[in-house]
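Trainee: Please find run_38.pdb (PDB, C-alpha atoms and all ligand atoms) on the next line:
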```pdb
ATOM      1  CA  MET A 246      53.289 179.917 113.819  1.00  0.00           C
ATOM      2  CA  ASN A 247      52.393 181.119 117.286  1.00  0.00           C
ATOM      3  CA  LYS A 248      49.034 179.998 118.687  1.00  0.00           C
ATOM      4  CA  ALA A 249      48.438 176.231 118.731  1.00  0.00           C
ATOM      5  CA  LYS A 250      45.886 175.287 116.088  1.00  0.00           C
ATOM      6  CA  PHE A 251      43.012 172.852 115.992  1.00  0.00           C
ATOM      7  CA  ILE A 252      42.884 171.013 112.662  1.00  0.00           C
ATOM      8  CA  THR A 253      40.241 168.520 111.584  1.00  0.00           C
ATOM      9  CA  PHE A 254      40.111 165.942 108.772  1.00  0.00           C
ATOM     10  CA  GLU A 255      36.712 165.294 107.217  1.00  0.00           C
ATOM     11  CA  GLY A 256      35.204 163.333 104.333  1.00  0.00           C
ATOM     12  CA  VAL A 257      33.255 160.176 103.584  1.00  0.00           C
ATOM     13  CA  ASP A 258      34.529 156.745 104.606  1.00  0.00           C
ATOM     14  CA  GLY A 259      37.268 155.681 102.204  1.00  0.00           C
ATOM     15  CA  ALA A 260      38.329 159.226 101.266  1.00  0.00           C
ATOM     16  CA  GLY A 261      41.825 158.735 102.727  1.00  0.00           C
ATOM     17  CA  LYS A 262      41.672 160.730 105.972  1.00  0.00           C
ATOM     18  CA  SER A 263      43.359 158.165 108.205  1.00  0.00           C
ATOM     19  CA  THR A 264      45.952 157.351 105.546  1.00  0.00           C
ATOM     20  CA  HIS A 265      47.154 160.949 105.420  1.00  0.00           C
ATOM     21  CA  LEU A 266      46.602 162.131 108.975  1.00  0.00           C
ATOM     22  CA  ALA A 267      49.683 160.534 110.542  1.00  0.00           C
ATOM     23  CA  TRP A 268      51.901 161.880 107.757  1.00  0.00           C
ATOM     24  CA  PHE A 269      50.374 165.356 108.112  1.00  0.00           C
ATOM     25  CA  ALA A 270      50.984 165.340 111.887  1.00  0.00           C
ATOM     26  CA  GLU A 271      54.573 164.200 111.336  1.00  0.00           C
ATOM     27  CA  THR A 272      55.128 167.081 108.914  1.00  0.00           C
ATOM     28  CA  LEU A 273      53.996 169.502 111.624  1.00  0.00           C
ATOM     29  CA  ARG A 274      56.287 167.810 114.174  1.00  0.00           C
ATOM     30  CA  GLN A 275      59.217 168.266 111.814  1.00  0.00           C
ATOM     31  CA  ARG A 276      58.571 171.976 112.171  1.00  0.00           C
ATOM     32  CA  GLY A 277      59.214 171.598 115.890  1.00  0.00           C
ATOM     33  CA  LEU A 278      55.582 171.631 116.983  1.00  0.00           C
ATOM     34  CA  GLU A 279      53.993 169.478 119.662  1.00  0.00           C
ATOM     35  CA  VAL A 280      51.138 167.654 117.937  1.00  0.00           C
ATOM     36  CA  LEU A 281      48.353 165.543 119.401  1.00  0.00           C
ATOM     37  CA  VAL A 282      46.539 163.168 117.041  1.00  0.00           C
ATOM     38  CA  THR A 283      43.032 162.160 118.036  1.00  0.00           C
ATOM     39  CA  ARG A 284      39.742 160.989 116.545  1.00  0.00           C
ATOM     40  CA  GLU A 285      35.976 161.110 116.750  1.00  0.00           C
ATOM     41  CA  PRO A 286      33.891 159.512 117.893  1.00  0.00           C
ATOM     42  CA  GLY A 287      36.438 158.693 120.597  1.00  0.00           C
ATOM     43  CA  GLY A 288      39.466 160.507 121.903  1.00  0.00           C
ATOM     44  CA  THR A 289      38.718 159.793 125.592  1.00  0.00           C
ATOM     45  CA  ALA A 290      37.993 156.602 127.554  1.00  0.00           C
ATOM     46  CA  LEU A 291      34.255 157.367 127.618  1.00  0.00           C
ATOM     47  CA  GLY A 292      34.370 158.554 124.018  1.00  0.00           C
ATOM     48  CA  GLU A 293      35.878 155.267 122.866  1.00  0.00           C
ATOM     49  CA  LEU A 294      33.133 153.332 124.713  1.00  0.00           C
ATOM     50  CA  LEU A 295      30.521 155.503 123.023  1.00  0.00           C
ATOM     51  CA  ARG A 296      32.294 154.901 119.698  1.00  0.00           C
ATOM     52  CA  GLU A 297      31.893 151.134 120.098  1.00  0.00           C
ATOM     53  CA  ILE A 298      28.165 151.611 120.722  1.00  0.00           C
ATOM     54  CA  LEU A 299      27.743 154.114 117.889  1.00  0.00           C
ATOM     55  CA  LEU A 300      29.520 151.919 115.337  1.00  0.00           C
ATOM     56  CA  ARG A 301      27.596 148.755 116.245  1.00  0.00           C
ATOM     57  CA  GLN A 302      24.248 149.408 117.878  1.00  0.00           C
ATOM     58  CA  PRO A 303      21.248 150.494 115.766  1.00  0.00           C
ATOM     59  CA  MET A 304      19.479 153.522 117.295  1.00  0.00           C
ATOM     60  CA  HIS A 305      17.246 156.495 116.506  1.00  0.00           C
ATOM     61  CA  ALA A 306      19.006 159.082 114.346  1.00  0.00           C
ATOM     62  CA  GLU A 307      18.607 161.777 117.010  1.00  0.00           C
ATOM     63  CA  THR A 308      19.981 159.449 119.713  1.00  0.00           C
ATOM     64  CA  GLU A 309      22.966 158.969 117.429  1.00  0.00           C
ATOM     65  CA  ALA A 310      23.376 162.735 117.056  1.00  0.00           C
ATOM     66  CA  MET A 311      23.195 163.326 120.808  1.00  0.00           C
ATOM     67  CA  LEU A 312      25.651 160.536 121.619  1.00  0.00           C
ATOM     68  CA  MET A 313      28.066 161.948 119.040  1.00  0.00           C
ATOM     69  CA  PHE A 314      27.910 165.350 120.695  1.00  0.00           C
ATOM     70  CA  ALA A 315      28.121 163.828 124.197  1.00  0.00           C
ATOM     71  CA  ALA A 316      31.334 162.056 123.214  1.00  0.00           C
ATOM     72  CA  ARG A 317      32.499 165.326 121.629  1.00  0.00           C
ATOM     73  CA  LEU A 318      31.934 167.310 124.819  1.00  0.00           C
ATOM     74  CA  GLU A 319      34.190 164.924 126.742  1.00  0.00           C
ATOM     75  CA  HIS A 320      36.743 165.116 123.943  1.00  0.00           C
ATOM     76  CA  ILE A 321      36.755 168.915 123.935  1.00  0.00           C
ATOM     77  CA  GLU A 322      36.901 169.382 127.694  1.00  0.00           C
ATOM     78  CA  GLN A 323      39.344 166.577 128.517  1.00  0.00           C
ATOM     79  CA  VAL A 324      41.625 166.565 125.502  1.00  0.00           C
ATOM     80  CA  ILE A 325      41.277 169.312 122.904  1.00  0.00           C
ATOM     81  CA  LYS A 326      41.081 172.454 125.045  1.00  0.00           C
ATOM     82  CA  PRO A 327      43.771 171.375 127.548  1.00  0.00           C
ATOM     83  CA  ALA A 328      46.134 170.558 124.661  1.00  0.00           C
ATOM     84  CA  LEU A 329      45.555 173.860 122.881  1.00  0.00           C
ATOM     85  CA  GLN A 330      46.020 175.723 126.167  1.00  0.00           C
ATOM     86  CA  ARG A 331      49.443 174.166 126.718  1.00  0.00           C
ATOM     87  CA  GLY A 332      50.470 175.024 123.163  1.00  0.00           C
ATOM     88  CA  THR A 333      49.995 171.587 121.621  1.00  0.00           C
ATOM     89  CA  TRP A 334      48.469 171.452 118.157  1.00  0.00           C
ATOM     90  CA  VAL A 335      45.512 169.094 117.793  1.00  0.00           C
ATOM     91  CA  VAL A 336      44.746 167.104 114.641  1.00  0.00           C
ATOM     92  CA  SER A 337      41.450 165.230 114.819  1.00  0.00           C
ATOM     93  CA  ASP A 338      40.150 162.559 112.465  1.00  0.00           C
ATOM     94  CA  ARG A 339      36.579 164.000 112.261  1.00  0.00           C
ATOM     95  CA  PHE A 340      34.736 166.582 114.384  1.00  0.00           C
ATOM     96  CA  SER A 341      31.332 168.346 114.216  1.00  0.00           C
ATOM     97  CA  ASP A 342      31.213 168.662 110.423  1.00  0.00           C
ATOM     98  CA  ALA A 343      30.891 164.853 110.455  1.00  0.00           C
ATOM     99  CA  SER A 344      27.714 165.140 112.552  1.00  0.00           C
ATOM    100  CA  PHE A 345      26.249 167.594 110.065  1.00  0.00           C
ATOM    101  CA  ALA A 346      27.251 165.261 107.225  1.00  0.00           C
ATOM    102  CA  TYR A 347      26.301 161.850 108.664  1.00  0.00           C
ATOM    103  CA  GLN A 348      23.515 162.510 111.168  1.00  0.00           C
ATOM    104  CA  GLY A 349      22.244 165.558 109.222  1.00  0.00           C
ATOM    105  CA  GLY A 350      22.782 164.710 105.549  1.00  0.00           C
ATOM    106  CA  GLY A 351      22.886 160.925 105.839  1.00  0.00           C
ATOM    107  CA  ARG A 352      20.215 160.305 108.456  1.00  0.00           C
ATOM    108  CA  GLY A 353      18.085 163.423 108.024  1.00  0.00           C
ATOM    109  CA  VAL A 354      18.378 164.957 111.508  1.00  0.00           C
ATOM    110  CA  GLN A 355      17.193 168.575 111.269  1.00  0.00           C
ATOM    111  CA  LEU A 356      19.944 171.092 110.731  1.00  0.00           C
ATOM    112  CA  SER A 357      18.491 173.371 113.437  1.00  0.00           C
ATOM    113  CA  LYS A 358      18.769 170.576 116.030  1.00  0.00           C
ATOM    114  CA  LEU A 359      22.390 169.914 115.104  1.00  0.00           C
ATOM    115  CA  GLU A 360      23.115 173.637 115.281  1.00  0.00           C
ATOM    116  CA  GLN A 361      21.592 173.691 118.783  1.00  0.00           C
ATOM    117  CA  LEU A 362      23.853 170.828 119.861  1.00  0.00           C
ATOM    118  CA  GLU A 363      26.852 172.527 118.292  1.00  0.00           C
ATOM    119  CA  ARG A 364      26.147 175.754 120.199  1.00  0.00           C
ATOM    120  CA  TRP A 365      25.589 173.827 123.415  1.00  0.00           C
ATOM    121  CA  VAL A 366      28.755 171.754 123.168  1.00  0.00           C
ATOM    122  CA  HIS A 367      31.238 174.142 121.570  1.00  0.00           C
ATOM    123  CA  ALA A 368      29.943 177.669 121.077  1.00  0.00           C
ATOM    124  CA  ASP A 369      33.455 178.883 121.893  1.00  0.00           C
ATOM    125  CA  LEU A 370      35.491 176.508 119.732  1.00  0.00           C
ATOM    126  CA  GLN A 371      35.728 175.764 116.019  1.00  0.00           C
ATOM    127  CA  PRO A 372      38.556 174.131 114.092  1.00  0.00           C
ATOM    128  CA  ASP A 373      41.080 176.656 112.776  1.00  0.00           C
ATOM    129  CA  VAL A 374      41.353 174.615 109.594  1.00  0.00           C
ATOM    130  CA  THR A 375      39.294 171.708 108.267  1.00  0.00           C
ATOM    131  CA  LEU A 376      40.711 169.523 105.496  1.00  0.00           C
ATOM    132  CA  LEU A 377      37.743 168.200 103.550  1.00  0.00           C
ATOM    133  CA  PHE A 378      38.681 165.111 101.537  1.00  0.00           C
ATOM    134  CA  ASP A 379      36.147 165.257  98.726  1.00  0.00           C
ATOM    135  CA  ILE A 380      35.728 162.225  96.500  1.00  0.00           C
ATOM    136  CA  PRO A 381      33.058 160.653  94.276  1.00  0.00           C
ATOM    137  CA  VAL A 382      31.193 158.114  96.363  1.00  0.00           C
ATOM    138  CA  GLU A 383      31.857 155.201  93.964  1.00  0.00           C
ATOM    139  CA  VAL A 384      35.617 155.731  94.251  1.00  0.00           C
ATOM    140  CA  ALA A 385      35.489 155.794  98.051  1.00  0.00           C
ATOM    141  CA  ARG A 386      33.273 152.669  98.150  1.00  0.00           C
ATOM    142  CA  GLN A 387      35.685 150.863  95.855  1.00  0.00           C
ATOM    143  CA  ARG A 388      38.564 151.586  98.233  1.00  0.00           C
ATOM    144  CA  LEU A 389      36.648 150.120 101.166  1.00  0.00           C
ATOM    145  CA  SER A 390      35.647 146.979  99.286  1.00  0.00           C
ATOM    146  CA  ASN A 391      38.754 145.122 100.485  1.00  0.00           C
ATOM    147  CA  ASN A 392      37.939 145.678 104.152  1.00  0.00           C
ATOM    148  CA  ALA A 393      36.854 142.450 105.833  1.00  0.00           C
ATOM    149  CA  THR A 394      34.573 144.102 108.390  1.00  0.00           C
ATOM    150  CA  LEU A 395      32.540 147.238 107.864  1.00  0.00           C
ATOM    151  CA  ASP A 396      30.949 149.205 110.714  1.00  0.00           C
ATOM    152  CA  ARG A 397      27.330 150.428 110.919  1.00  0.00           C
ATOM    153  CA  PHE A 398      28.154 153.534 108.866  1.00  0.00           C
ATOM    154  CA  GLU A 399      30.445 151.885 106.317  1.00  0.00           C
ATOM    155  CA  GLN A 400      27.697 149.322 105.629  1.00  0.00           C
ATOM    156  CA  GLU A 401      25.321 152.037 104.378  1.00  0.00           C
ATOM    157  CA  GLN A 402      24.286 152.278 100.712  1.00  0.00           C
ATOM    158  CA  GLY A 403      25.816 154.563  98.113  1.00  0.00           C
ATOM    159  CA  SER A 404      22.778 156.896  98.294  1.00  0.00           C
ATOM    160  CA  PHE A 405      23.533 157.507 101.993  1.00  0.00           C
ATOM    161  CA  PHE A 406      27.087 158.556 101.142  1.00  0.00           C
ATOM    162  CA  GLU A 407      25.900 160.820  98.326  1.00  0.00           C
ATOM    163  CA  LYS A 408      23.896 162.724 100.947  1.00  0.00           C
ATOM    164  CA  VAL A 409      26.853 162.722 103.341  1.00  0.00           C
ATOM    165  CA  ARG A 410      29.145 164.088 100.651  1.00  0.00           C
ATOM    166  CA  GLN A 411      26.645 166.806  99.712  1.00  0.00           C
ATOM    167  CA  ALA A 412      26.143 167.822 103.364  1.00  0.00           C
ATOM    168  CA  TYR A 413      29.923 168.145 103.763  1.00  0.00           C
ATOM    169  CA  LEU A 414      30.012 170.397 100.692  1.00  0.00           C
ATOM    170  CA  ASP A 415      27.146 172.451 102.157  1.00  0.00           C
ATOM    171  CA  ARG A 416      29.188 172.961 105.328  1.00  0.00           C
ATOM    172  CA  TYR A 417      32.110 174.031 103.184  1.00  0.00           C
ATOM    173  CA  LYS A 418      29.960 176.571 101.313  1.00  0.00           C
ATOM    174  CA  LYS A 419      28.727 178.041 104.589  1.00  0.00           C
ATOM    175  CA  THR A 420      32.194 178.931 105.947  1.00  0.00           C
ATOM    176  CA  PRO A 421      34.630 178.341 103.061  1.00  0.00           C
ATOM    177  CA  LEU A 422      37.503 180.187 104.729  1.00  0.00           C
ATOM    178  CA  ARG A 423      37.758 177.535 107.464  1.00  0.00           C
ATOM    179  CA  PHE A 424      38.159 174.764 104.885  1.00  0.00           C
ATOM    180  CA  ALA A 425      40.839 173.410 102.600  1.00  0.00           C
ATOM    181  CA  LEU A 426      39.116 171.301  99.976  1.00  0.00           C
ATOM    182  CA  ILE A 427      41.232 168.316  98.904  1.00  0.00           C
ATOM    183  CA  ASP A 428      40.624 166.381  95.700  1.00  0.00           C
ATOM    184  CA  ALA A 429      40.836 162.958  97.349  1.00  0.00           C
ATOM    185  CA  ARG A 430      40.638 161.069  94.024  1.00  0.00           C
ATOM    186  CA  GLN A 431      44.286 161.916  93.467  1.00  0.00           C
ATOM    187  CA  THR A 432      47.114 159.478  94.173  1.00  0.00           C
ATOM    188  CA  PRO A 433      48.508 159.528  97.729  1.00  0.00           C
ATOM    189  CA  GLU A 434      51.592 161.332  96.362  1.00  0.00           C
ATOM    190  CA  GLN A 435      49.454 164.085  94.832  1.00  0.00           C
ATOM    191  CA  VAL A 436      47.435 164.431  98.031  1.00  0.00           C
ATOM    192  CA  LYS A 437      50.700 164.839  99.958  1.00  0.00           C
ATOM    193  CA  VAL A 438      51.725 167.670  97.644  1.00  0.00           C
ATOM    194  CA  ASP A 439      48.456 169.437  98.510  1.00  0.00           C
ATOM    195  CA  LEU A 440      48.949 168.775 102.229  1.00  0.00           C
ATOM    196  CA  THR A 441      52.475 170.179 102.080  1.00  0.00           C
ATOM    197  CA  LYS A 442      51.091 173.401 100.609  1.00  0.00           C
ATOM    198  CA  ILE A 443      48.490 173.598 103.366  1.00  0.00           C
ATOM    199  CA  VAL A 444      51.104 173.089 106.087  1.00  0.00           C
ATOM    200  CA  ALA A 445      53.133 175.940 104.582  1.00  0.00           C
ATOM    201  CA  LEU A 446      50.148 178.250 105.035  1.00  0.00           C
ATOM    202  CA  LEU A 447      49.478 177.350 108.684  1.00  0.00           C
TER
HETATM  203  N1  LIG B 501      44.815 158.558  97.434  1.00  0.00           N
HETATM  204  C1  LIG B 501      44.511 157.260  97.513  1.00  0.00           C
HETATM  205  N2  LIG B 501      44.475 156.483  96.413  1.00  0.00           N
HETATM  206  C2  LIG B 501      44.145 155.182  96.493  1.00  0.00           C
HETATM  207  N3  LIG B 501      43.838 154.533  97.635  1.00  0.00           N
HETATM  208  C3  LIG B 501      43.847 155.247  98.770  1.00  0.00           C
HETATM  209  C4  LIG B 501      44.186 156.648  98.773  1.00  0.00           C
HETATM  210  N4  LIG B 501      44.091 157.110 100.047  1.00  0.00           N
HETATM  211  C5  LIG B 501      43.723 156.059 100.796  1.00  0.00           C
HETATM  212  N5  LIG B 501      43.596 154.944 100.046  1.00  0.00           N
HETATM  213  C6  LIG B 501      43.161 153.600 100.505  1.00  0.00           C
HETATM  214  O1  LIG B 501      41.756 153.670 100.685  1.00  0.00           O
HETATM  215  C7  LIG B 501      41.358 152.976 101.858  1.00  0.00           C
HETATM  216  C8  LIG B 501      40.627 153.937 102.770  1.00  0.00           C
HETATM  217  O2  LIG B 501      41.536 154.932 103.258  1.00  0.00           O
HETATM  218  P1  LIG B 501      41.390 155.558 104.709  1.00  0.00           P
HETATM  219  O3  LIG B 501      42.553 156.450 104.914  1.00  0.00           O
HETATM  220  O4  LIG B 501      41.150 154.484 105.706  1.00  0.00           O
HETATM  221  O5  LIG B 501      40.055 156.418 104.511  1.00  0.00           O
HETATM  222  P2  LIG B 501      39.190 157.159 105.625  1.00  0.00           P
HETATM  223  O6  LIG B 501      39.997 157.235 106.866  1.00  0.00           O
HETATM  224  O7  LIG B 501      38.899 158.496 105.016  1.00  0.00           O
HETATM  225  O8  LIG B 501      37.936 156.335 105.756  1.00  0.00           O
HETATM  226  C9  LIG B 501      42.623 152.395 102.464  1.00  0.00           C
HETATM  227  O9  LIG B 501      42.714 151.053 102.037  1.00  0.00           O
HETATM  228  C10 LIG B 501      43.732 153.240 101.861  1.00  0.00           C
HETATM  229  O10 LIG B 501      44.925 152.508 101.740  1.00  0.00           O
HETATM  230 MG    MG B 502      39.533 156.566 108.768  1.00  0.00          MG
END
```
Reformat the file's structure so that it appears as structure tokens.
Mentor:
Amino acid sequence: MNKAKFITFEGVDGAGKSTHLAWFAETLRQRGLEVLVTREPGGTALGELLREILLRQPMHAETEAMLMFAARLEHIEQVIKPALQRGTWVVSDRFSDASFAYQGGGRGVQLSKLEQLERWVHADLQPDVTLLFDIPVEVARQRLSNNATLDRFEQEQGSFFEKVRQAYLDRYKKTPLRFALIDARQTPEQVKVDLTKIVALL
């Protein structure tokens, strides 16, 4: 373990990302590493303002894609790169794969346009490892059914999440070596066993 790594958690709403992210970061800290936990959209003051807008305000799918990448640029320049440069590991709840999944798969924004934004915003940075929490959509929806308030994305239909899930799997197939695919249907204890194995490989 020498160079600080950039690790992202991805998957549909309800897959269990947030549940496991804090525990994962703590496991890294127990190895003596400095770890910064962050999220997208968000991660900076402007990013969190954009998050509020993105989660509430209806807008054109391409506006949504551009605002996601605008928030991401701030996040990269203000938070992610400075942390990595000072040797702090970064664990982010979502990153660009989520734009390919939600704005691309879910909303139908052209892949080529998202690839242009990706090159513009972070041609020189990709996550070292992406944990993709893969889960059948019905199971994920069931987990969210207890939530009192659902945001603009969480309120979408099952068919939207089927497309999101498929687009995530397409991203995985494109660069499989960057990904660790997690069977997110498992119990939290089983997921932790998988995460422990991943940490051992970092
Ligand atoms: N492995 C699991 N088995 C059953 N329920 C889970 C599991 N992981 C998370 N949950 C529950 O599912 C809901 C969604 O989890 P969360 O971590 O918020 O998902 P995400 O951040 O991916 O949207 C929460 O109520 C959480 O307690
Ligand atoms: Mg979450």
Trainee: Could you tell me which residues the PyMOL selection byres (((chain A and resi 340-350) around 10) and not hetatm) returns for this structure, as a VMD selection string?
Mentor: chain A and resid 252 to 257 284 to 286 306 to 311 313 to 314 317 320 337 to 339 351 to 360 362 to 363 366 to 367 371 to 372 375 377 398 405 to 417
Trainee: Rank A:Leu422, A:Ile321, A:Val384, A:Leu395 by their smallest atom-to-atom distance to Leu370 in chain A, using only C-alpha atoms, and report the top residue only.
Mentor: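 Closest residue, counting only C-alpha atoms: A:Ile321.
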Trainee: Return the single residue from A:Pro381, A:Pro303, A:Gly259, A:Gly292 that is closest to ligand LIG 501 (chain B), with distances computed using all atoms listed in the file.
Mentor: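 Closest to ligand LIG 501 (chain B), using all atoms listed in the file: A:Gly259.
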Trainee: How many Å lie between CA of Met304 in chain A and CA of Arg388 in chain A, rounded to one decimal?
Mentor: 27.0 Å
Trainee: At what distance in Å, to one decimal, does CA of Ile380 in chain A lie from CA of Ser404 in chain A?
Mentor: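 Interatomic distance here is 14.1 Å.
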Trainee: Considering all atoms listed in the file, can you say which of A:Thr283, A:Thr394, A:Gln275, A:Gln302 comes closest to Val335 in chain A?
Mentor: A:Thr283
Trainee: Show me which residues sit within 8 Å of ligand MG 502 (chain B) when counting all atoms listed in the file, and put them as a count of residues only.
Mentor: 7
Trainee: I'd like to know which of A:Ala249, A:Leu447, A:Ala393, A:Val374 is closest to ligand LIG 501 (chain B), using all atoms listed in the file.
Mentor: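 Once distances to ligand LIG 501 (chain B) are computed over all atoms listed in the file, the minimum belongs to A:Ala393.
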Trainee: Where does the PyMOL selection byres (((chain A and resi 437) around 12) and not hetatm) land in this file, that is, which residues does it pick, as a list in words?
Mentor: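 When the PyMOL selection byres (((chain A and resi 437) around 12) and not hetatm) is applied to the shown file, the picked residues are Gly261, Lys262, Thr264, His265, Leu266, Ala267, Trp268, Phe269, Ala270, Thr272, Ile427, Asp428, Ala429, Gln431, Thr432, Pro433, Glu434, Gln435, Val436, Val438, Asp439, Leu440, Thr441, Lys442, Ile443 and Val444 of chain A.
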Trainee: Mind working out the centre and edge lengths of an axis-aligned box for range 250-259 of chain A, all listed atoms inside, 3 Å added to each side, rounded to one decimal in Å and written as JSON?
Mentor:
```
{"center_x": 39.6, "center_y": 165.5, "center_z": 109.1, "size_x": 18.6, "size_y": 25.6, "size_z": 19.9}
```
Trainee: In terms of the shortest atom-to-atom distance over all atoms listed in the file, which of A:Val382, A:Ala425, A:Ala315, A:Leu446 is closest to ligand LIG 501 (chain B)?
Mentor: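 Of the candidates, the smallest distance to ligand LIG 501 (chain B) is held by A:Val382.
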Trainee: For the atom pair CA of Leu329 in chain A and atom P1 of ligand LIG 501 (chain B), what is the interatomic distance in Å to one decimal place?
Mentor: 26.1 Å
Trainee: Counting only C-alpha atoms, which of A:Gly288, A:Glu399, A:Phe424, A:Leu318 gets nearest to Arg301 in chain A?
Mentor: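 That would be A:Glu399, the residue with the smallest distance to Arg301 in chain A.
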